[in-house]
2 protein chains.
Amino acid sequence: MQGPPTAMSETVRQELAGIVGDKYALTKSQDMQPYFTEGNERFDSQAEMVLRPGSTGEVAAIVKACGAASVPIVPQGGNTNFVGGTIANGGVVVNMGRLNRVREVDGLNFTMTAEAGCVLADLQTAAAEHERLFPLSLGAQGSCMIGGNLSTNAGGVGVLRYGNTRDLTLGLEVVLPNGDVWNGLRGLRKDNTGYDLKHLFIGGEGTLGIITAATLKLFPLPAHFHTAFVGVEEIGAAIEIFGLMRQAGGDQLTAFELMSKAGVECFETHLGAPGNPLSATYPYYLLVEMSDHSADGAAAGAFESGLSEALERGLAQDVVITQSRQQYLELWHMRHDLPMTYPKDGAVFGNDVSVPVSQIPALFERVLPAVEAACPGIRPVPFGHIGDGNIHFSLLQPVGMAPADYLVRRPEIAKIVTDIARDLNGSFSAEHGIGLFKRETFTSWKSPVEVEMMRALKTAIDPHNLMNPGKIFADL
Amino acid sequence: MQGPPTAMSETVRQELAGIVGDKYALTKSQDMQPYFTEGNERFDSQAEMVLRPGSTGEVAAIVKACGAASVPIVPQGGNTNFVGGTIANGGVVVNMGRLNRVREVDGLNFTMTAEAGCVLADLQTAAAEHERLFPLSLGAQGSCMIGGNLSTNAGGVGVLRYGNTRDLTLGLEVVLPNGDVWNGLRGLRKDNTGYDLKHLFIGGEGTLGIITAATLKLFPLPAHFHTAFVGVEEIGAAIEIFGLMRQAGGDQLTAFELMSKAGVECFETHLGAPGNPLSATYPYYLLVEMSDHSADGAAAGAFESGLSEALERGLAQDVVITQSRQQYLELWHMRHDLPMTYPKDGAVFGNDVSVPVSQIPALFERVLPAVEAACPGIRPVPFGHIGDGNIHFSLLQPVGMAPADYLVRRPEIAKIVTDIARDLNGSFSAEHGIGLFKRETFTSWKSPVEVEMMRALKTAIDPHNLMNPGKIFADL
């Protein structure tokens with residue numbers, strides 16, 4: 001990212017304010033501040049204006065005006081990004097929160113068309129009101145917006161069965177860097193008519209255009225959830241249970257989440273909420289769930305027999321199957337909020353790595369001794385999505401160490417983790433993207449052939465580099 | 001597509017033959033002929049050589065040599081394309097059939113890495129040997145190759161649950177137009193590290209590079225299939241049964257296929273094989289299937305109760321649930337081979353359209369009278385994938401008309417069908433792509449914004465337009 005560009009002229013400011021109306025053109029420091037700081041407070045924006053358009057037409061007009069005046073644009077949704085993806089360095093922030101209409105729910109087609117500023121939880125509710133499931137689900141769902149989910153290809157806890165946001169998307173409406181509106185809002189499962197453009201913008205981190213709306217897939221609403229909490233001695237057993245449960249339940253297996261003993265204890269200590277429901281503690285825990293569409297809960301048999309086999313074969317040490325809605329909610333609350341309790345126990349940093357599922361045991365076998373050797377007393381609190389090969393390998397500081405002394409070692413220790421993931425054909429950013437924070441890893445990790453191809457695409461679609469400059473590519 | 005380029009020099013011919021070996025560099029007319037004619041015999045190639053490389057390295061060397069000499073390249077798999085996608089007009093055909101190794105099956109990761117020349121049915125078998133399902137399934141599976149399936153984003157009969165080929169792909173290896181090899185063979189469910197390049201090549205019809213290998217998703221092998229043949233009076237009822245069965249079975253509903261009375265009778269007449277197993281005839285038939293992973297066949301209850309409800313509500317007129325492996329095979333044989341019997345009854349042409357599932361009744365209500373009005377006595381024999389909104393709206397000639405008199409009216413009648421699909425927010429090419437045959441529809445149907453973006457991508461990745469020239473874009 002270059003230094004801040006030349007300040008905007010008063011004419012341009014007035015033109016932009018005229019597009020959205022003065023009320024939605026923020027210029028005072030205190031008004032803009034809520035749009036300037038991401039959740040992890042690692043970066044701060046320095047934009048000259050925050051614009052809050054109310055329609056696709058206003059977004060297009062903003063982009064045209066900015067293009068004519070060479071003003072860089074940072075698109076922004078719910079501001080829950082982890083990697084600096086919506087941080088500005090000059091220019092304008094375009095916050096999409098006012099484009100928040102659900103334009104259509106088509107129950108027979110199992111689709112929903114929603115604007116970028118819709119909050120994820122509201123879309124889940126809108127689908128449920130039509131007896132449909134919108135399966136994207138993640139910790140920030142009460143504030144993150146679907147435009148951000150799309151731009152970062154968000155994952156979450158339903159990926160095992162339903163895929164990432166990319167896999168849930170049939171069509172997009174996008175304002176392109178030249179201000180043209182691409183209407184690609186199709187609700188079709190099959191449409192082989194040229195290159196599939198939507199996949200460039202999904203996961204494109206706002207560097208190729210501004211997503212203004214999407215047509216999303218819906219699914220039948222399950223009638224029952226079969227949910228269990230399982231204690232295991234080691235990771236290899238967890239992977240074997242995964243294979244066993246997936247064979248037993250097929251696509252009905254919709255969640256297979258990992259937590260650690262230290263992580264669960266952290267949650268219990270700092271939240272005082274019900275945690276481990278088993279009568280003893282184990283090194284690792286699994287939250288396993290099958291979704292059942294049958295009125296009679298027919299999948300219960302497969303669920304229970306799979307878990308029984310895991311116990312009999314000594315893979316699982318103990319199992320609790322939830323018997324009440326209350327217990328179900330408590331377990332999911334723990335899974336979602338667990339990582340939020342880590343900072344209460346000291347300095348912590350995450351490592352959002354993925355590997356092939358078959359390589360998860362090797363990941364643990366290599367990472368655990370390596371980080372202990374580098375930083376004796378370090379406390380690994382990994383959690384995440386076994387079924388997707390995606391482990392958030394969070395690492396808490398040693399007890400008694402000064403937090404600043406620990407955080408300064410972050411690059412060195414993170415490199416240990418990501419180098420091992422790389423060696424196992426993994427990824428250094430499974431869910432969170434590149435943004436500002438992972439640009440150096442992106443450049444050093446990706447092959448030159450791949451980076452060159454991405455640069456060629458960026459240049460083809462955004463030749464003047466006005467869309468979210470400095471993200472993904474450090475020098476653009 | 002421009003006229004044939006200047007003939008290749010003898011030096012270039014020798015260089016190319018040197019890369020693959022004389023045995024695999026075909027230049028005699030009779031040797032090349034099998035690679036020149038597609039299944040529907042609508043187009044013929046005029047290439048100067050057919051090259052049959054045996055490795056990714058040889059493919060890269062061919063592309064480099066052709067690039068240096070400005071020789072256009074047509075990549076080719078099993079040669080089962082319907083739209084002229086692998087027809088050459090000068091230059092070389094690169095047939096991928098010798099790259100046919102399954103490089104790896106990783107059962108725990110539910111992935112398989114296979115080379116482009118693997119025949120689809122062989123991949124299904126390789127997966128099954130590891131107790132896994134590779135769910136891509138279509139009529140040509142005994143001869144089509146996965147490289148072609150990828151380049152055309154093939155659909156088939158499993159899309160309802162498993163998606164198109166695009167959705168089954170985790171990673172690609174591609175030889176780019178400059179001869180570089182992009183190794184994107186990742187077996188990761190989550191990897192948000194820049195633009196998702198694979199989606200450009202999948203469905204790119206070979207215009208952006210040559211796919212040499214892919215890492216593909218596998219699934220648990222179902223333990224049971226619950227299959228039924230259903231007679232219905234009208235299309236609206238079929239859509240309602242679809243909603244009902246999807247709610248009853250959730251993701252276990254894996255096939256929901258339509259056939260017509262006239263189509264089934266054509267199959268029965270011309271193949272003499274068992275056809276409609278019901279005791280009466282109906283205007284439309286459905287082949288409905290649920291995949292069941294439970295050892296005890298637990299989904300049978302949901303399957304039967306869904307069908308019972310369809311009968312009770314008068315949506316279904318009659319139902320047969322298959323009771324034997326033999327009957328199951330006969331019904332799927334009919335579904336797969338039905339369209340192959342149409343040409344035995346006269347001149348016929350297909351219309352590979354899709355619409356939102358909720359619009360299928362409107363599609364039938366409008367198309368049927370419109371084609372009858374245009375061509376009295378025309379015999380509609382639609383079939384296809386209700387659950388995907390993809391109807392192959394095949395139209396048989398009126399009895400007694402001269403085939404040539406009918407075929408000359410193809411453009412006019414096809415336009416009636418595609419115009420209605422367009423009006424219903426559909427697609428004019430759901431599965432088959434653009435190739436040579438649908439280029440004019442592509443240009444007239446797609447928005448200028450969309451076509452311009454595709455052209456910009458083509459130019460960015462293949463600036464000298466050597467990869468499958470003339471496909472998708474008429475003037476490139």
# chains A, B, ... in the order shown; residues from 1 in each chain; ligands from 1
$ residues_around --residues "stretch 96-98 of chain B" --least-positions-apart "4" --cutoff "9 Å" --atoms "only C-alpha atoms" --output "VMD selection string"
chain B and resid 51 to 55 59 75 to 78 115 to 119 145 147 212
$ closest_atom_pairs --of "chain B" --to "chain A" --cutoff "6 Å" --atoms "only C-alpha atoms" --output "JSON lines"
{"residue": "B:Leu108", "atom": "CA", "partner": "A:Ser358", "partner_atom": "CA", "distance": 5.1}
{"residue": "B:Asn109", "atom": "CA", "partner": "A:Val357", "partner_atom": "CA", "distance": 4.8}
{"residue": "B:Gly187", "atom": "CA", "partner": "A:Pro356", "partner_atom": "CA", "distance": 5.7}
{"residue": "B:Leu188", "atom": "CA", "partner": "A:Pro356", "partner_atom": "CA", "distance": 5.5}
{"residue": "B:Arg189", "atom": "CA", "partner": "A:Asp388", "partner_atom": "CA", "distance": 5.3}
{"residue": "B:Lys190", "atom": "CA", "partner": "A:Ala430", "partner_atom": "CA", "distance": 4.8}
{"residue": "B:Asp191", "atom": "CA", "partner": "A:Ala430", "partner_atom": "CA", "distance": 4.2}
{"residue": "B:Asn192", "atom": "CA", "partner": "A:Gly433", "partner_atom": "CA", "distance": 4.8}
{"residue": "B:Thr193", "atom": "CA", "partner": "A:Gly433", "partner_atom": "CA", "distance": 5.5}
{"residue": "B:Tyr195", "atom": "CA", "partner": "A:Gly204", "partner_atom": "CA", "distance": 5.6}
{"residue": "B:Leu200", "atom": "CA", "partner": "A:Tyr195", "partner_atom": "CA", "distance": 6.0}
{"residue": "B:Gly204", "atom": "CA", "partner": "A:Tyr195", "partner_atom": "CA", "distance": 5.6}
{"residue": "B:Pro220", "atom": "CA", "partner": "A:Gln247", "partner_atom": "CA", "distance": 5.5}
{"residue": "B:Gln247", "atom": "CA", "partner": "A:Pro220", "partner_atom": "CA", "distance": 5.5}
{"residue": "B:Ala248", "atom": "CA", "partner": "A:Ser294", "partner_atom": "CA", "distance": 5.6}
{"residue": "B:Gly249", "atom": "CA", "partner": "A:His293", "partner_atom": "CA", "distance": 5.7}
{"residue": "B:Gly250", "atom": "CA", "partner": "A:His293", "partner_atom": "CA", "distance": 5.3}
{"residue": "B:His293", "atom": "CA", "partner": "A:Gly250", "partner_atom": "CA", "distance": 5.3}
{"residue": "B:Ser294", "atom": "CA", "partner": "A:Ala248", "partner_atom": "CA", "distance": 5.6}
{"residue": "B:Ala298", "atom": "CA", "partner": "A:Ala298", "partner_atom": "CA", "distance": 5.9}
{"residue": "B:Ala302", "atom": "CA", "partner": "A:Ser294", "partner_atom": "CA", "distance": 5.7}
{"residue": "B:Pro356", "atom": "CA", "partner": "A:Leu188", "partner_atom": "CA", "distance": 5.5}
{"residue": "B:Val357", "atom": "CA", "partner": "A:Asn109", "partner_atom": "CA", "distance": 4.7}
{"residue": "B:Ser358", "atom": "CA", "partner": "A:Leu108", "partner_atom": "CA", "distance": 5.1}
{"residue": "B:Asp388", "atom": "CA", "partner": "A:Arg189", "partner_atom": "CA", "distance": 5.4}
{"residue": "B:Ser427", "atom": "CA", "partner": "A:Asp191", "partner_atom": "CA", "distance": 5.8}
{"residue": "B:Ser429", "atom": "CA", "partner": "A:Asn192", "partner_atom": "CA", "distance": 5.7}
{"residue": "B:Ala430", "atom": "CA", "partner": "A:Asp191", "partner_atom": "CA", "distance": 4.2}
{"residue": "B:Glu431", "atom": "CA", "partner": "A:Asn192", "partner_atom": "CA", "distance": 5.6}
{"residue": "B:Gly433", "atom": "CA", "partner": "A:Asn192", "partner_atom": "CA", "distance": 4.8}
{"residue": "B:Ala456", "atom": "CA", "partner": "A:Ala460", "partner_atom": "CA", "distance": 5.9}
{"residue": "B:Ala460", "atom": "CA", "partner": "A:Ala456", "partner_atom": "CA", "distance": 5.9}
$ write_last_selection --atoms "C-alpha atoms" --output "short mmCIF file (atom, residue, chain, number, x, y, z; two decimals), in the first residue's frame"
data_model
loop_
_atom_site.label_atom_id
_atom_site.label_comp_id
_atom_site.auth_asym_id
_atom_site.auth_seq_id
_atom_site.Cartn_x
_atom_site.Cartn_y
_atom_site.Cartn_z
CA LEU B 108 -9.74 -39.98 5.06
CA ASN B 109 -9.69 -36.63 3.25
CA GLY B 187 -7.07 -31.05 -1.28
CA LEU B 188 -8.37 -28.34 1.04
CA ARG B 189 -11.98 -27.51 1.89
CA LYS B 190 -10.95 -24.07 3.06
CA ASP B 191 -8.25 -21.92 1.53
CA ASN B 192 -8.94 -18.18 1.34
CA THR B 193 -5.66 -16.96 -0.08
CA TYR B 195 -8.69 -15.10 -6.03
CA LEU B 200 -11.94 -19.61 -14.35
CA GLY B 204 -13.73 -22.18 -19.47
CA PRO B 220 -19.45 -41.60 1.61
CA GLN B 247 -38.57 -31.70 2.81
CA ALA B 248 -39.09 -35.37 3.69
CA GLY B 249 -35.60 -36.50 2.77
CA GLY B 250 -33.43 -33.42 3.00
CA HIS B 293 -26.06 -44.24 4.33
CA SER B 294 -27.51 -46.06 7.31
CA ALA B 298 -33.61 -45.97 7.88
CA ALA B 302 -39.27 -40.97 4.94
CA PRO B 356 -35.57 -21.40 -11.45
CA VAL B 357 -37.30 -24.58 -10.24
CA SER B 358 -40.37 -22.53 -9.32
CA ASP B 388 -31.89 -28.35 -10.92
CA SER B 427 -30.32 -19.92 -19.24
CA SER B 429 -27.19 -23.44 -22.05
CA ALA B 430 -27.61 -25.12 -18.72
CA GLU B 431 -25.08 -27.93 -19.16
CA GLY B 433 -21.68 -24.67 -22.80
CA ALA B 456 -11.00 -8.77 -20.46
CA ALA B 460 -5.44 -11.04 -19.59
#
$ select_by_dssp --residues "stretch 245-395 of chain B" --states "helix (DSSP H, G or I)" --output "PyMOL selection string"
chain B and resi 245-252+261-271+300-312+325-345+357-374+386-388
$ select_by_dssp --residues "stretch 146-209 of chain B" --states "strand (DSSP E)" --output "list in words"
Thr169, Leu170, Gly171, Leu172, Glu173, Val174, Val175, Val181, Trp182, Asn183 and Gly184 of chain B
$ write_last_selection --atoms "N, CA, C and O atoms" --output "PDB file, in the first residue's frame"
ATOM      1  N   THR B 169     -14.804 -29.954  -7.290  1.00  0.00           N
ATOM      2  CA  THR B 169     -13.376 -29.753  -7.546  1.00  0.00           C
ATOM      3  C   THR B 169     -12.726 -28.915  -6.453  1.00  0.00           C
ATOM      4  O   THR B 169     -13.188 -27.818  -6.149  1.00  0.00           O
ATOM      5  N   LEU B 170     -11.654 -29.432  -5.869  1.00  0.00           N
ATOM      6  CA  LEU B 170     -10.912 -28.675  -4.862  1.00  0.00           C
ATOM      7  C   LEU B 170      -9.658 -28.037  -5.435  1.00  0.00           C
ATOM      8  O   LEU B 170      -9.202 -27.008  -4.940  1.00  0.00           O
ATOM      9  N   GLY B 171      -9.051 -28.655  -6.432  1.00  0.00           N
ATOM     10  CA  GLY B 171      -7.807 -28.103  -6.964  1.00  0.00           C
ATOM     11  C   GLY B 171      -7.583 -28.523  -8.400  1.00  0.00           C
ATOM     12  O   GLY B 171      -8.158 -29.510  -8.874  1.00  0.00           O
ATOM     13  N   LEU B 172      -6.760 -27.744  -9.110  1.00  0.00           N
ATOM     14  CA  LEU B 172      -6.445 -28.033 -10.511  1.00  0.00           C
ATOM     15  C   LEU B 172      -4.948 -27.909 -10.776  1.00  0.00           C
ATOM     16  O   LEU B 172      -4.256 -27.135 -10.116  1.00  0.00           O
ATOM     17  N   GLU B 173      -4.498 -28.660 -11.760  1.00  0.00           N
ATOM     18  CA  GLU B 173      -3.202 -28.410 -12.389  1.00  0.00           C
ATOM     19  C   GLU B 173      -3.509 -27.984 -13.822  1.00  0.00           C
ATOM     20  O   GLU B 173      -4.263 -28.671 -14.518  1.00  0.00           O
ATOM     21  N   VAL B 174      -2.941 -26.853 -14.234  1.00  0.00           N
ATOM     22  CA  VAL B 174      -3.287 -26.280 -15.542  1.00  0.00           C
ATOM     23  C   VAL B 174      -2.015 -25.835 -16.261  1.00  0.00           C
ATOM     24  O   VAL B 174      -1.143 -25.205 -15.649  1.00  0.00           O
ATOM     25  N   VAL B 175      -1.915 -26.157 -17.539  1.00  0.00           N
ATOM     26  CA  VAL B 175      -0.879 -25.547 -18.375  1.00  0.00           C
ATOM     27  C   VAL B 175      -1.464 -24.260 -18.949  1.00  0.00           C
ATOM     28  O   VAL B 175      -2.476 -24.282 -19.650  1.00  0.00           O
ATOM     29  N   VAL B 181       3.231 -24.042 -15.905  1.00  0.00           N
ATOM     30  CA  VAL B 181       2.326 -24.983 -15.239  1.00  0.00           C
ATOM     31  C   VAL B 181       1.881 -24.370 -13.925  1.00  0.00           C
ATOM     32  O   VAL B 181       2.712 -24.008 -13.083  1.00  0.00           O
ATOM     33  N   TRP B 182       0.579 -24.209 -13.750  1.00  0.00           N
ATOM     34  CA  TRP B 182       0.048 -23.777 -12.459  1.00  0.00           C
ATOM     35  C   TRP B 182      -0.315 -25.013 -11.657  1.00  0.00           C
ATOM     36  O   TRP B 182      -1.225 -25.746 -12.021  1.00  0.00           O
ATOM     37  N   ASN B 183       0.396 -25.237 -10.571  1.00  0.00           N
ATOM     38  CA  ASN B 183       0.058 -26.354  -9.699  1.00  0.00           C
ATOM     39  C   ASN B 183      -0.869 -25.874  -8.594  1.00  0.00           C
ATOM     40  O   ASN B 183      -0.434 -25.351  -7.584  1.00  0.00           O
ATOM     41  N   GLY B 184      -2.131 -26.048  -8.812  1.00  0.00           N
ATOM     42  CA  GLY B 184      -3.133 -25.668  -7.816  1.00  0.00           C
ATOM     43  C   GLY B 184      -3.844 -26.904  -7.281  1.00  0.00           C
ATOM     44  O   GLY B 184      -5.021 -26.841  -6.934  1.00  0.00           O
TER      45      GLY B 184
END
$ atom_distance --atom1 "atom CA of A:Gly57" --atom2 "atom CA of A:Ala25"
15.8 Å
